[in-house]
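Shown next, in structure tokens, is the structure this report addresses.
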Amino acid sequence: MVENRPFLTFLTHMVLIVGVVVVVFPVYLAFIASTHGSGDFLSGVPPLLPGPHLIDNYYKMLTTGLSSAGAPPVWMMMMNSLVMALTIAVGKIAISIISAYAIVYFKFPFRLLAFWAIFLTLMLPVEVRIIPTFKVVADLGMLNSYAGLAIPLIASATATFLFRQFFLTVPDELMEAARVDGAGPIKFFRDILLPLSRTNIAALFVILFIYGWVQYLWPLLVTTDPKYYTIVMGIKRLAAVADSDPLWNLVMAAVILAMLPPVLVVIFMQRLFVKGLVETEK
Amino acid sequence: MATLDLKGVKKTYPGGVAAVHGVDLEIADGELVVLVGPSGCGKSTLLRMIAGLESITEGTISIAGDVVNRKEPAERDIAMVFQNYALYPHMSVRGNLEYGLKNRGTPREDIDQRVAEAARILEITPFLDRKPRQLSGGQRQRVAMGRAIVRKPKAFLFDEPLSNLDAKLRGQMRIEIRRLQRTLGTTSVYVTHDQLEAMTLADRLVVMNAGRIEQVGKPIELYDRPASLFVAGFIGSPPMNLFEIDKLRSLPGAEALQTLPAGTGIVGVRPDTVALSQANGPSIKLTGTIELIEPVGGESHLYVRCEGINQIVTIVAQGRTGLTETSMLDFWLPQAGFHPFNIETGKRLA
Amino acid sequence: MQTKRTIFPNKLLPYLLLTPQLAITIIFFLWPAGQALKSSFEREDPFGFKTTFVWFHNYARLFSDPEYLNSVWRTAIFAVSVTAISMSVSLLLAVAVNRLLRSGKFYTTLLVWPYAVAPVVAGILWWFMFNPTIGILPYLLDQFGINWNHRINGSQAMILVVIAAAWKQISYNFLFFVAGLQSVPQSLTEAAAIDGAGPFKRFWTIVFPLLSPTTFFLMIVNINYAMFDTFGTIDATTQGGPAGATNTLVYKVYADGFLGLNIGSSSAQSVMLMLIVIALTVIQFRWVERRVQY
């Protein structure tokens, strides 16, 4: 600080406290709702303090779910989300790191074309090609499968660019020394480049895991079988029911469960998360 | 142990830029040859072609009699020491030393024994389990050397290995490299742009300029009889004084010029052969104002402006001179120290 | 384009390495995008047996369709509001955190996690808060005589989705603003303080102008987010209603094509969206190039 002004410091803390309250309050309210019995939502004012039904509600949602909403138990949907998010994160990292390797460490015809083809995926989010992509997945028989949930989302220009950028900063001499030491392209990649990329891989993994977990439109399109519902899309079905049936307590328990894994990842891997976020957007 | 043989080696980049214009060079078994020249002269490119890191456009390179043009770096059985050391940052020192041997399928006991031996010679045994980033510049340099010697290759290739070190350490490592190379007797090619390093290390010195070899020879031969103006200017510090012969003709003692071969356009005189008193034998007398005196310790460098020939002459004087700046000075260029050059070709005459 | 000084000589390997990425790109990105482009120029008969090439007919119909024009207008309001609200709140918080030393880290942790909340979940959280029968905010607003019901009031529906979408984006903007603020050299603010500028003046005359690259970058990213990533938020709260008041372009493409099965119109809408993303991406990369020259 340039100078010490107690009032300004007070104001600073006030701003931040208000900010934190705004950010946290909706989640707090949802959590409180998830600890009450369903009868507590009949009157006009929602509860603001915790109720006694925390364990009942979460247990019920995890194990049996809401049959009236046509959604499976939450634990199943969470498993589906986990499989989808992990496949997307690992898949994106795997195919991006090897394509970046090809682009940086080899020269071959159509190299530039390949680079631009990958670049184009930046400009084609699922939202702008919904129906034809759905048709392709349907024609390939990938509806209602983990493959259909994950594989079409695995192409990644940002991850490829991040690795390309990183590889360009690795000194040329390292590869030359490895070649003199008798390492071919596969050995060099496995023994030298991959271990050097560890931090980048970890940071990217955090971002991509979240990306995979929060997907909504895509699972909505390709799954009709409740067996493959992900938690984030399943929750919408639960919420639709809650408006007619006052089952807010159960719906909010599912909401909290749906948020928990990626939020914990952000909080406990904050350093990697910030690195991944800032660097993928460069 | 091997000879290295370069015949008509050329390098032209895809864009048409030529980096090396036909180099012929034979390197004997166990010899340490230094390639020296200004940046962009093609010396590093040539070394990297020997290593197999650059393709050869024309000509052949043979190691121990085998043409290696099409061989991968690993198949050439050479080891290279890089300017930035290129140590694998995630591996321990031991891992760095072992990597090349493992890739070659060397038996475990053999690896351990060779690593221990190399570490002992280079005095890096205490650091074997450290990572490169925990080492000082000089220690990293030793590890880079170690990585080369454990392999027992046919040849060592050094690409400006000392230029990332400070002056003092550079001097020490230079002596150590020389000692090590003599002990191991491994054929070596060493690239540097530092002429002092080149002079002190080389069995034979190769001066390169603009992709061509200017001169090859023992360091002292190059100093005593530079084959061209370029070599005359590059080898020796401070550099040789060069005079246009016509400017000297009217000076006292100009008869000394008569013995020079026909066609001499430029006369070179080393700063340390300029005499401050009239010596025996014919010499040309010059007079000038001392512009600057650089005391370097055992000797002094004088920069003298000579109005008559409109040129600053550098003189290396032994000991302490007692001279002062801005005073006038008479000095002599002895005939015995003349280096005659042709003005058009830049080549030495006789 | 840049490679290493020396490269591996293998001919086949690089293609093998690129195959998975390119296969997925072609099958699930380029081919469908091409299909969308193609069918945007075609009309399919009601039974799907026959398609005819109709030039720009689908586009012409689109731009004379009041519902589409309404959607363009709603999207613009939505995107601008989300960007403005989210960015100003984030900037305020980032400036505040940047003033603190140790406690700044604590606040940061409390502020960044909504990044990991799915847009649809953000929608549900605010939908619960604003629920006309049970929500706490309508209850409070009622004390001030405001009758909240986003199911019938279009403006209130818009406010709801804007707040839900902006809330989720605060953490992202906050992190980038903090990074931007930390790259403003301390010596500049110190020099300004010596020149007699107070804290507020220093911010507006020194820090804010130096932050403009970050601000511009975030503007593009936020517009992009508001237009394309908020499908879930809208689907969970208003489903585009009431009466199309929150029917953004992306939501409309989905509704028309997937629920309404109007392929020609939906494809034309997809192509228009692609043009928007391409424009935003080009602007963003132009900016990156310019930043590199600084």
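Letters for chains follow the order of the structure tokens (A, B, ...), residue numbers begin at 1 for each chain, and ligand numbers begin at 1 in the order shown.
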
| What are the residues of chain B that have an atom within 12 Å of an atom of chain C, counting only C-alpha atoms, as a list in words? | Tyr13, Thr45, Arg48, Met49, Ala51, Gly52, Leu53, Glu54, Ser55, Arg70, Lys71, Glu72 and Pro73 of chain B

| message | Quick one: residues within 10 Å of Leu201 in chain B, only C-alpha atoms, excluding same-chain residues fewer than 5 positions away - as a list in words? | response |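 The contact residues come out as Leu32, Val33, Val34, Arg174, Ile175, Ile177, Arg178, Arg179, Gln181, Tyr190, Gln195, Leu196 and Pro219 of chain B.
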
| field | In range 68-125 of chain B, DSSP strand (DSSP E or B) residues written as a PyMOL selection string | value | chain B and resi 78-81

Those same residues, written as a compact mmCIF listing (two decimals), in the first residue's frame with N, CA, C and O atoms?
# COMPACT_ATOMS: atom_id res chain seq x y z
N ILE B 78 29.07 -40.37 -31.30
CA ILE B 78 29.75 -39.16 -30.89
C ILE B 78 29.04 -38.67 -29.62
O ILE B 78 27.93 -39.11 -29.32
N ALA B 79 29.69 -37.77 -28.88
CA ALA B 79 29.02 -37.16 -27.75
C ALA B 79 29.16 -35.65 -27.90
O ALA B 79 30.13 -35.17 -28.48
N MET B 80 28.16 -34.93 -27.41
CA MET B 80 28.17 -33.49 -27.64
C MET B 80 27.97 -32.75 -26.32
O MET B 80 27.18 -33.17 -25.48
N VAL B 81 28.70 -31.66 -26.15
CA VAL B 81 28.52 -30.79 -24.98
C VAL B 81 27.94 -29.47 -25.50
O VAL B 81 28.55 -28.82 -26.34

What are the nearest atom pairs, with distances in Å to one decimal, for all residues of chain A that come at most 10 Å from chain B, using only C-alpha atoms, set out by chain and rising residue number as a tab-separated table?
residue	atom	partner	partner_atom	distance
A:Pro171	CA	B:Ala86	CA	7.5
A:Asp172	CA	B:Ala86	CA	8.5
A:Glu173	CA	B:Ala86	CA	5.4
A:Leu174	CA	B:Ala86	CA	4.9
A:Met175	CA	B:Ala86	CA	8.5
A:Glu176	CA	B:Leu53	CA	6.9
A:Ala177	CA	B:Ala86	CA	6.5
A:Ala178	CA	B:Gly100	CA	7.7
A:Arg179	CA	B:Ala74	CA	6.0
A:Val180	CA	B:Ala74	CA	4.7
A:Asp181	CA	B:Gly100	CA	4.1
A:Gly182	CA	B:Ala74	CA	4.4
A:Ala183	CA	B:Asn103	CA	6.5
A:Gly184	CA	B:Ala74	CA	8.9
A:Lys187	CA	B:Asn103	CA	8.9
A:Asp191	CA	B:Tyr99	CA	9.4
A:Ile192	CA	B:Tyr88	CA	7.0
A:Leu193	CA	B:Tyr88	CA	9.6
A:Pro195	CA	B:His90	CA	6.9
A:Leu196	CA	B:His90	CA	6.7

Take the selection from the previous step and output its residues with N, CA, C and O atoms, as a PDB file, in the first residue's frame.
ATOM      1  N   PRO A 171      14.060 -25.878 -24.370  1.00  0.00           N
ATOM      2  CA  PRO A 171      15.242 -25.605 -25.195  1.00  0.00           C
ATOM      3  C   PRO A 171      15.440 -26.661 -26.280  1.00  0.00           C
ATOM      4  O   PRO A 171      15.290 -27.851 -26.015  1.00  0.00           O
ATOM      5  N   ASP A 172      15.788 -26.205 -27.487  1.00  0.00           N
ATOM      6  CA  ASP A 172      16.051 -27.117 -28.603  1.00  0.00           C
ATOM      7  C   ASP A 172      17.115 -28.140 -28.244  1.00  0.00           C
ATOM      8  O   ASP A 172      17.056 -29.291 -28.664  1.00  0.00           O
ATOM      9  N   GLU A 173      18.099 -27.693 -27.466  1.00  0.00           N
ATOM     10  CA  GLU A 173      19.250 -28.554 -27.179  1.00  0.00           C
ATOM     11  C   GLU A 173      18.860 -29.819 -26.425  1.00  0.00           C
ATOM     12  O   GLU A 173      19.546 -30.824 -26.500  1.00  0.00           O
ATOM     13  N   LEU A 174      17.734 -29.764 -25.689  1.00  0.00           N
ATOM     14  CA  LEU A 174      17.321 -30.922 -24.916  1.00  0.00           C
ATOM     15  C   LEU A 174      16.990 -32.091 -25.842  1.00  0.00           C
ATOM     16  O   LEU A 174      17.364 -33.235 -25.594  1.00  0.00           O
ATOM     17  N   MET A 175      16.297 -31.765 -26.921  1.00  0.00           N
ATOM     18  CA  MET A 175      15.955 -32.800 -27.885  1.00  0.00           C
ATOM     19  C   MET A 175      17.212 -33.263 -28.614  1.00  0.00           C
ATOM     20  O   MET A 175      17.388 -34.454 -28.870  1.00  0.00           O
ATOM     21  N   GLU A 176      18.111 -32.330 -28.894  1.00  0.00           N
ATOM     22  CA  GLU A 176      19.344 -32.705 -29.596  1.00  0.00           C
ATOM     23  C   GLU A 176      20.207 -33.600 -28.713  1.00  0.00           C
ATOM     24  O   GLU A 176      20.758 -34.604 -29.190  1.00  0.00           O
ATOM     25  N   ALA A 177      20.312 -33.226 -27.445  1.00  0.00           N
ATOM     26  CA  ALA A 177      21.089 -34.050 -26.522  1.00  0.00           C
ATOM     27  C   ALA A 177      20.489 -35.453 -26.433  1.00  0.00           C
ATOM     28  O   ALA A 177      21.205 -36.452 -26.431  1.00  0.00           O
ATOM     29  N   ALA A 178      19.145 -35.516 -26.377  1.00  0.00           N
ATOM     30  CA  ALA A 178      18.490 -36.813 -26.284  1.00  0.00           C
ATOM     31  C   ALA A 178      18.755 -37.644 -27.537  1.00  0.00           C
ATOM     32  O   ALA A 178      18.950 -38.860 -27.459  1.00  0.00           O
ATOM     33  N   ARG A 179      18.786 -36.981 -28.692  1.00  0.00           N
ATOM     34  CA  ARG A 179      19.047 -37.741 -29.921  1.00  0.00           C
ATOM     35  C   ARG A 179      20.464 -38.277 -29.925  1.00  0.00           C
ATOM     36  O   ARG A 179      20.714 -39.407 -30.338  1.00  0.00           O
ATOM     37  N   VAL A 180      21.405 -37.429 -29.495  1.00  0.00           N
ATOM     38  CA  VAL A 180      22.785 -37.885 -29.412  1.00  0.00           C
ATOM     39  C   VAL A 180      22.884 -39.044 -28.417  1.00  0.00           C
ATOM     40  O   VAL A 180      23.649 -39.979 -28.604  1.00  0.00           O
ATOM     41  N   ASP A 181      22.055 -38.981 -27.375  1.00  0.00           N
ATOM     42  CA  ASP A 181      22.020 -40.044 -26.372  1.00  0.00           C
ATOM     43  C   ASP A 181      21.239 -41.268 -26.843  1.00  0.00           C
ATOM     44  O   ASP A 181      20.975 -42.174 -26.056  1.00  0.00           O
ATOM     45  N   GLY A 182      20.805 -41.264 -28.080  1.00  0.00           N
ATOM     46  CA  GLY A 182      20.182 -42.460 -28.631  1.00  0.00           C
ATOM     47  C   GLY A 182      18.692 -42.580 -28.415  1.00  0.00           C
ATOM     48  O   GLY A 182      18.127 -43.663 -28.514  1.00  0.00           O
ATOM     49  N   ALA A 183      18.000 -41.442 -28.103  1.00  0.00           N
ATOM     50  CA  ALA A 183      16.551 -41.505 -27.930  1.00  0.00           C
ATOM     51  C   ALA A 183      15.855 -41.137 -29.237  1.00  0.00           C
ATOM     52  O   ALA A 183      16.153 -40.110 -29.830  1.00  0.00           O
ATOM     53  N   GLY A 184      14.938 -41.982 -29.660  1.00  0.00           N
ATOM     54  CA  GLY A 184      14.117 -41.678 -30.829  1.00  0.00           C
ATOM     55  C   GLY A 184      12.930 -40.830 -30.408  1.00  0.00           C
ATOM     56  O   GLY A 184      12.817 -40.466 -29.235  1.00  0.00           O
ATOM     57  N   LYS A 187      10.793 -42.331 -27.443  1.00  0.00           N
ATOM     58  CA  LYS A 187      11.547 -42.319 -26.193  1.00  0.00           C
ATOM     59  C   LYS A 187      11.699 -40.902 -25.664  1.00  0.00           C
ATOM     60  O   LYS A 187      11.546 -40.636 -24.472  1.00  0.00           O
ATOM     61  N   ASP A 191      10.390 -40.059 -22.090  1.00  0.00           N
ATOM     62  CA  ASP A 191      11.392 -39.871 -21.039  1.00  0.00           C
ATOM     63  C   ASP A 191      11.629 -38.405 -20.683  1.00  0.00           C
ATOM     64  O   ASP A 191      11.986 -38.091 -19.559  1.00  0.00           O
ATOM     65  N   ILE A 192      11.522 -37.522 -21.647  1.00  0.00           N
ATOM     66  CA  ILE A 192      11.900 -36.123 -21.398  1.00  0.00           C
ATOM     67  C   ILE A 192      10.681 -35.201 -21.410  1.00  0.00           C
ATOM     68  O   ILE A 192      10.387 -34.511 -20.441  1.00  0.00           O
ATOM     69  N   LEU A 193       9.962 -35.192 -22.526  1.00  0.00           N
ATOM     70  CA  LEU A 193       8.925 -34.179 -22.701  1.00  0.00           C
ATOM     71  C   LEU A 193       7.751 -34.365 -21.740  1.00  0.00           C
ATOM     72  O   LEU A 193       7.270 -33.412 -21.132  1.00  0.00           O
ATOM     73  N   PRO A 195       7.571 -35.926 -18.709  1.00  0.00           N
ATOM     74  CA  PRO A 195       7.856 -35.502 -17.320  1.00  0.00           C
ATOM     75  C   PRO A 195       7.970 -33.975 -17.190  1.00  0.00           C
ATOM     76  O   PRO A 195       7.541 -33.412 -16.191  1.00  0.00           O
ATOM     77  N   LEU A 196       8.499 -33.313 -18.213  1.00  0.00           N
ATOM     78  CA  LEU A 196       8.629 -31.857 -18.133  1.00  0.00           C
ATOM     79  C   LEU A 196       7.265 -31.171 -18.193  1.00  0.00           C
ATOM     80  O   LEU A 196       7.110 -30.042 -17.752  1.00  0.00           O
TER      81      LEU A 196
END

| Which residue out of A:Gln215, A:Thr158, A:Ser34, A:Thr64 has the minimum interatomic distance to chain C when only C-alpha atoms are used? |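 Of A:Gln215, A:Thr158, A:Ser34, A:Thr64, the one nearest chain C is A:Gln215, counting only C-alpha atoms.
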
| Residues of chain C within 6 Å of chain A, counting only C-alpha atoms, as a ChimeraX atom specification | /C:3-4,7-8,14,17-18,21,24-25,28,32-33,96,113,116-118,125,134,270,273,277-278
